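For reference, the structure is listed below as structure tokens.
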Amino acid sequence: MKTLMKTAFTGFFMLVFIACNANNTSKKDLAHAETKNHENTTEQFIKVALLLDTSNSMDGLIDQAKAQLWDIVNELSYAKCNDKKPNLEIALYEYGNDNLNGREGYIRLVLPFSNDLDDISKELFSLTTNGGNEYCGHVIKTSLKQLSWGNNPDDLKFIFIAGNEPFTQGDVSYKTAAKLAHNNDVTVNTIFCGDYEQGIASYWKDGADLAHGDYMAINHNKATTYVATPFDDQIMKLNQKLNKTYVAYGSLGEMKMTTQAQQDQNARGYSQENAVSRTISKSSHFYKNSSWDLVDAEKEEGFSYDDLDKDDLPEALKGKSTSEIKAYIASKRKERETIQNEIQDLNLKRRTYISEQQKDDNSRLDNAMINAIKTQAKAKKYTW
């Protein structure tokens, strides 16, 4: 039980439509439905559910998550399985916050599994912290029941739960939750925010061991440090060009373009290096915007220009014939691919530069998560 003290602090993930007046029932429905379209396909997924303690002493944890999101996404983008690049989906729960419903265990589904990196970034900057009761077993069980984990045995399915109160609190035993995770082929990794031995004494390690995961302890109040590189300015200039290749359409178009710009600004608000990491993520196969961008939408199975509502087209394409629209989209696609390849080439040089300047620090949230994922992914023949 933590001291009740409100702090105004921005934090982690929530779906754009859920953010405005959505109730818990609609969130649960969405959690069950969000992967319906790919559950029976041969596509492979890395699914990561983040369960974050947002009680009043966790400001540092949320701050690290905001600062390191793009580094985590980028590292996962290099993964391959059987020479294929998997997709990435991230879900988020917050728990242990007095602002949440006590009858539901002080737990809230903030974001069901989503591949929308802009939405993920948006919600990274939306949470607030407040004192509360942290029920680890309850939130693990809830995430296993509510989220659509799928049935593909080649998928990587991870829960990362972070906090600093005893793992034994609440009516749902963490042992019961760990057994449920094992039965669903989900690995539970525990991240204790504090002293390593204290985390063991409060059963965080036992929780990970029972669910075949890793136990980690991090200094959640440690400020994120970056290594500036000679390639950063070039990458940021390419980001401006990259944004101009998006062709917004439909009712979501204008709003999502605004969200994209806002998340660029949020990244820059942290540092130049954080903005660079976001740009690299935008150049990867994880950055998909088919719901509002015609360049990405055209690649989707079942897309047809004949189905486009002319009123949904941007001003630059209104009054154009289908052949003219196709030519315009093709030119934007070629331009985007050229820019993305340039960013990736610069990123190879940037990564080499950083590796020579910075040692691996397992007290950071991103390094702890990445190392755990890489270790566990070997069992399913994933490589980096």
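Every chain in the structure tokens has a letter given in the order shown (A, B, ...), and although residue numbers restart at 1 in each chain, ligands are simply numbered from 1 in the order shown.
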From stretch 41-242 of chain A, collect each residue whose DSSP state is helix (DSSP H, G or I) and return the set as a PyMOL selection string.
-> chain A and resi 59-77+102-104+117-124+136-146+174-183+196-201+204-210+232-242
Grab the residues selected above and save them as a short mmCIF file (atom, residue, chain, number, x, y, z; two decimals), in the first residue's frame with C-alpha atoms.
```
data_model
loop_
_atom_site.label_atom_id
_atom_site.label_comp_id
_atom_site.auth_asym_id
_atom_site.auth_seq_id
_atom_site.Cartn_x
_atom_site.Cartn_y
_atom_site.Cartn_z
CA ASP A 59 6.66 8.07 -12.21
CA GLY A 60 10.18 6.95 -13.03
CA LEU A 61 8.94 3.70 -14.60
CA ILE A 62 6.47 5.53 -16.83
CA ASP A 63 9.16 8.02 -17.73
CA GLN A 64 11.53 5.25 -18.82
CA ALA A 65 8.76 3.66 -20.88
CA LYS A 66 8.13 6.93 -22.71
CA ALA A 67 11.80 7.53 -23.29
CA GLN A 68 12.62 3.99 -24.45
CA LEU A 69 9.55 2.86 -26.42
CA TRP A 70 11.14 3.41 -29.83
CA ASP A 71 14.37 1.64 -28.90
CA ILE A 72 12.32 -1.43 -27.90
CA VAL A 73 10.26 -1.32 -31.12
CA ASN A 74 13.38 -0.92 -33.24
CA GLU A 75 15.17 -3.85 -31.66
CA LEU A 76 12.13 -6.08 -32.18
CA SER A 77 11.93 -5.00 -35.83
CA GLY A 102 -11.60 -1.07 -6.89
CA ARG A 103 -14.31 -3.63 -7.62
CA GLU A 104 -12.33 -4.65 -10.72
CA LEU A 117 2.59 2.71 -33.30
CA ASP A 118 1.17 6.23 -33.25
CA ASP A 119 -1.66 5.15 -30.94
CA ILE A 120 0.85 3.35 -28.75
CA SER A 121 2.97 6.47 -28.55
CA LYS A 122 -0.07 8.63 -27.86
CA GLU A 123 -1.06 6.53 -24.88
CA LEU A 124 2.50 6.45 -23.64
CA CYS A 136 -0.26 -8.65 -9.63
CA GLY A 137 -2.03 -12.01 -9.89
CA HIS A 138 -5.30 -10.29 -10.73
CA VAL A 139 -3.91 -8.16 -13.57
CA ILE A 140 -2.00 -11.10 -15.09
CA LYS A 141 -5.11 -13.29 -15.07
CA THR A 142 -7.23 -10.46 -16.49
CA SER A 143 -4.83 -9.88 -19.38
CA LEU A 144 -4.79 -13.59 -20.22
CA LYS A 145 -8.59 -13.74 -20.26
CA GLN A 146 -9.33 -10.49 -22.10
CA TYR A 174 -0.02 -15.25 -8.76
CA LYS A 175 0.50 -19.02 -8.82
CA THR A 176 -2.94 -19.50 -10.38
CA ALA A 177 -2.20 -16.76 -12.91
CA ALA A 178 1.18 -18.32 -13.76
CA LYS A 179 -0.45 -21.70 -14.43
CA LEU A 180 -3.00 -20.05 -16.73
CA ALA A 181 -0.18 -18.32 -18.61
CA HIS A 182 1.65 -21.61 -19.07
CA ASN A 183 -1.50 -23.27 -20.42
CA TYR A 196 17.19 -7.15 -6.74
CA GLU A 197 17.12 -9.07 -3.44
CA GLN A 198 14.02 -7.23 -2.25
CA GLY A 199 12.22 -8.31 -5.42
CA ILE A 200 13.13 -11.92 -4.72
CA ALA A 201 11.90 -11.63 -1.12
CA TRP A 204 8.62 -11.36 -8.07
CA LYS A 205 11.22 -13.95 -9.05
CA ASP A 206 8.94 -16.81 -8.03
CA GLY A 207 6.22 -15.36 -10.25
CA ALA A 208 8.56 -15.36 -13.25
CA ASP A 209 9.95 -18.84 -12.51
CA LEU A 210 6.47 -20.39 -12.38
CA ASP A 232 21.01 12.04 -36.31
CA ASP A 233 20.52 15.29 -38.21
CA GLN A 234 20.31 13.47 -41.54
CA ILE A 235 17.72 11.05 -40.18
CA MET A 236 15.57 13.89 -38.84
CA LYS A 237 15.62 15.65 -42.21
CA LEU A 238 14.47 12.41 -43.82
CA ASN A 239 11.61 12.22 -41.32
CA GLN A 240 10.20 15.47 -42.70
CA LYS A 241 10.33 14.04 -46.20
CA LEU A 242 8.82 10.75 -45.04
#
```
Please identify all polymer residues within 12 Å of A:Asp345, counting only C-alpha atoms, omitting same-chain residues fewer than 6 positions from it, and present them as a PyMOL selection string.
-> chain A and resi 231+234-235+238+280+283-284+338-339+351-352
Go ahead and save the residues from that selection, with N, CA and C atoms, as a compact mmCIF listing (two decimals), in the first residue's frame.
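File written: result_17.txt
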```txt
# COMPACT_ATOMS: atom_id res chain seq x y z
N PHE A 231 24.84 10.90 -37.40
CA PHE A 231 23.83 10.59 -38.41
C PHE A 231 22.44 11.12 -38.03
N GLN A 234 20.74 13.97 -40.23
CA GLN A 234 20.31 13.47 -41.54
C GLN A 234 19.02 12.67 -41.42
N ILE A 235 18.93 11.86 -40.38
CA ILE A 235 17.72 11.05 -40.18
C ILE A 235 16.52 11.94 -39.92
N LEU A 238 15.21 13.42 -43.06
CA LEU A 238 14.47 12.41 -43.82
C LEU A 238 13.09 12.18 -43.24
N ILE A 280 13.28 6.01 -37.02
CA ILE A 280 13.75 4.70 -37.45
C ILE A 280 12.60 3.69 -37.39
N SER A 283 10.41 3.90 -40.30
CA SER A 283 10.97 3.37 -41.55
C SER A 283 10.94 1.84 -41.57
N SER A 284 10.44 1.22 -40.50
CA SER A 284 10.42 -0.24 -40.41
C SER A 284 9.09 -0.81 -40.88
N THR A 338 12.22 4.75 -50.97
CA THR A 338 13.57 5.32 -51.11
C THR A 338 14.01 5.98 -49.80
N ILE A 339 13.11 6.76 -49.20
CA ILE A 339 13.43 7.45 -47.95
C ILE A 339 13.64 6.45 -46.82
N ARG A 351 23.81 2.49 -35.31
CA ARG A 351 23.89 1.40 -34.33
C ARG A 351 25.34 1.01 -34.04
N THR A 352 26.14 0.97 -35.07
CA THR A 352 27.55 0.65 -34.89
C THR A 352 28.23 1.70 -34.03
```
Leaving out A:Tyr353 and any residue of its chain fewer than 5 positions from it, which residues lie within 12 Å of it when counting only C-alpha atoms, given as a short mmCIF file (atom, residue, chain, number, x, y, z; two decimals) with C-alpha atoms, in the first residue's frame?
```
data_model
loop_
_atom_site.label_atom_id
_atom_site.label_comp_id
_atom_site.auth_asym_id
_atom_site.auth_seq_id
_atom_site.Cartn_x
_atom_site.Cartn_y
_atom_site.Cartn_z
CA VAL A 227 24.40 8.76 -27.35
CA ALA A 228 24.21 11.45 -30.01
CA THR A 229 25.58 10.31 -33.37
CA PRO A 230 26.81 12.06 -36.52
CA PHE A 231 23.83 10.59 -38.41
CA ASP A 232 21.01 12.04 -36.31
CA LEU A 346 21.95 5.49 -41.77
CA ASN A 347 20.61 3.45 -38.87
CA LEU A 348 23.13 0.68 -39.52
CA GLN A 358 27.68 2.72 -24.87
CA LYS A 359 27.76 -0.44 -22.80
#
```
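Among the candidates A:Asp155, A:Glu337, A:Asp307, A:Asp296, the residue lying nearest to A:Asn184 is A:Asp155 (atoms considered: only C-alpha atoms).
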Just list the residues in stretch 159-373 of chain A DSSP gives strand (DSSP E or B) on the backbone, as a list in words.
-> Ile159, Phe160, Ile161, Ala162, Gly163, Thr187, Val188, Asn189, Thr190, Ile191, Phe192, Cys193, Tyr215, Met216, Ala217, Ile218, Ala248 and Asp293 of chain A
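The residue set within 6 Å of A:Ile159, counting only C-alpha atoms and dropping same-chain residues fewer than 5 places from it, reads Val48, Ala49, Val188 and Asn189 of chain A.
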Would you mind exporting the chosen residues as a PDB file, in the first residue's frame, restricted to N, CA and C atoms?
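Listed below is the output, part31.pdb:
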```pdb
ATOM      1  N   VAL A  48       3.221  -8.469 -27.141  1.00  0.00           N
ATOM      2  CA  VAL A  48       3.757  -8.011 -25.862  1.00  0.00           C
ATOM      3  C   VAL A  48       2.663  -7.286 -25.094  1.00  0.00           C
ATOM      4  N   ALA A  49       2.299  -7.813 -23.934  1.00  0.00           N
ATOM      5  CA  ALA A  49       1.349  -7.142 -23.045  1.00  0.00           C
ATOM      6  C   ALA A  49       2.139  -6.523 -21.898  1.00  0.00           C
ATOM      7  N   VAL A 188       5.547 -15.103 -18.730  1.00  0.00           N
ATOM      8  CA  VAL A 188       5.409 -13.937 -17.856  1.00  0.00           C
ATOM      9  C   VAL A 188       6.781 -13.530 -17.330  1.00  0.00           C
ATOM     10  N   ASN A 189       7.186 -12.315 -17.667  1.00  0.00           N
ATOM     11  CA  ASN A 189       8.440 -11.754 -17.187  1.00  0.00           C
ATOM     12  C   ASN A 189       8.132 -10.681 -16.144  1.00  0.00           C
TER      13      ASN A 189
END
```
Please identify all polymer residues within 12 Å of A:Ala330, counting only C-alpha atoms, omitting same-chain residues fewer than 2 positions from it, and present them as JSON, numbers by chain.
-> {"A": [245, 246, 247, 294, 295, 296, 298, 299, 323, 324, 325, 326, 327, 328, 332, 333, 334, 335, 336, 337]}
Write to file, as an mmCIF file, in the first residue's frame, the residues of the selection just made, with N, CA and C atoms.
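For reference, selection_21.cif as written:
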```
data_model
loop_
_atom_site.group_PDB
_atom_site.id
_atom_site.type_symbol
_atom_site.label_atom_id
_atom_site.label_comp_id
_atom_site.auth_asym_id
_atom_site.auth_seq_id
_atom_site.Cartn_x
_atom_site.Cartn_y
_atom_site.Cartn_z
ATOM 1 N N THR A 245 4.935 11.701 -47.616
ATOM 2 C CA THR A 245 4.539 10.609 -48.514
ATOM 3 C C THR A 245 3.211 9.978 -48.104
ATOM 4 N N TYR A 246 2.634 10.442 -47.004
ATOM 5 C CA TYR A 246 1.367 9.866 -46.543
ATOM 6 C C TYR A 246 0.188 10.546 -47.223
ATOM 7 N N VAL A 247 -0.743 9.730 -47.692
ATOM 8 C CA VAL A 247 -1.907 10.215 -48.431
ATOM 9 C C VAL A 247 -3.141 9.882 -47.601
ATOM 10 N N LEU A 294 -3.512 5.876 -48.017
ATOM 11 C CA LEU A 294 -3.772 5.114 -49.241
ATOM 12 C C LEU A 294 -2.567 4.305 -49.702
ATOM 13 N N VAL A 295 -1.379 4.770 -49.426
ATOM 14 C CA VAL A 295 -0.183 4.032 -49.845
ATOM 15 C C VAL A 295 -0.117 2.684 -49.127
ATOM 16 N N ASP A 296 -0.368 2.688 -47.834
ATOM 17 C CA ASP A 296 -0.401 1.421 -47.087
ATOM 18 C C ASP A 296 -1.663 0.621 -47.389
ATOM 19 N N GLU A 298 -3.373 0.362 -50.088
ATOM 20 C CA GLU A 298 -3.335 -0.292 -51.393
ATOM 21 C C GLU A 298 -2.682 -1.670 -51.321
ATOM 22 N N LYS A 299 -1.797 -1.875 -50.351
ATOM 23 C CA LYS A 299 -1.103 -3.153 -50.216
ATOM 24 C C LYS A 299 -1.952 -4.221 -49.535
ATOM 25 N N SER A 323 -6.880 5.888 -63.012
ATOM 26 C CA SER A 323 -5.491 5.707 -63.479
ATOM 27 C C SER A 323 -4.578 6.805 -62.930
ATOM 28 N N GLU A 324 -5.101 8.020 -62.815
ATOM 29 C CA GLU A 324 -4.303 9.118 -62.270
ATOM 30 C C GLU A 324 -4.047 8.921 -60.770
ATOM 31 N N ILE A 325 -5.061 8.410 -60.058
ATOM 32 C CA ILE A 325 -4.892 8.144 -58.632
ATOM 33 C C ILE A 325 -3.854 7.047 -58.418
ATOM 34 N N LYS A 326 -3.941 5.991 -59.233
ATOM 35 C CA LYS A 326 -2.973 4.893 -59.126
ATOM 36 C C LYS A 326 -1.551 5.388 -59.365
ATOM 37 N N ALA A 327 -1.377 6.227 -60.355
ATOM 38 C CA ALA A 327 -0.048 6.757 -60.669
ATOM 39 C C ALA A 327 0.480 7.605 -59.515
ATOM 40 N N TYR A 328 -0.392 8.387 -58.917
ATOM 41 C CA TYR A 328 -0.002 9.250 -57.796
ATOM 42 C C TYR A 328 0.435 8.402 -56.593
ATOM 43 N N LYS A 332 4.187 8.037 -54.742
ATOM 44 C CA LYS A 332 4.387 8.235 -53.311
ATOM 45 C C LYS A 332 5.021 6.996 -52.676
ATOM 46 N N ARG A 333 4.601 5.811 -53.159
ATOM 47 C CA ARG A 333 5.176 4.583 -52.622
ATOM 48 C C ARG A 333 6.674 4.503 -52.935
ATOM 49 N N LYS A 334 7.018 4.810 -54.160
ATOM 50 C CA LYS A 334 8.422 4.764 -54.550
ATOM 51 C C LYS A 334 9.238 5.765 -53.746
ATOM 52 N N GLU A 335 8.687 6.954 -53.572
ATOM 53 C CA GLU A 335 9.362 7.983 -52.789
ATOM 54 C C GLU A 335 9.558 7.526 -51.337
ATOM 55 N N ARG A 336 8.503 6.932 -50.755
ATOM 56 C CA ARG A 336 8.595 6.470 -49.371
ATOM 57 C C ARG A 336 9.624 5.365 -49.210
ATOM 58 N N GLU A 337 9.608 4.403 -50.099
ATOM 59 C CA GLU A 337 10.554 3.291 -49.991
ATOM 60 C C GLU A 337 11.990 3.774 -50.107
#
```
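Using only C-alpha atoms, the shortest contact distance between A:Asp311 and any of A:Ile354, A:Phe45, A:Arg278, A:Ser251 is found at A:Ser251.
Each of A:Asn97, A:Thr322, A:Thr383, A:Ser277 was compared to A:Met58 using only C-alpha atoms, and A:Asn97 turns out to be the nearest.
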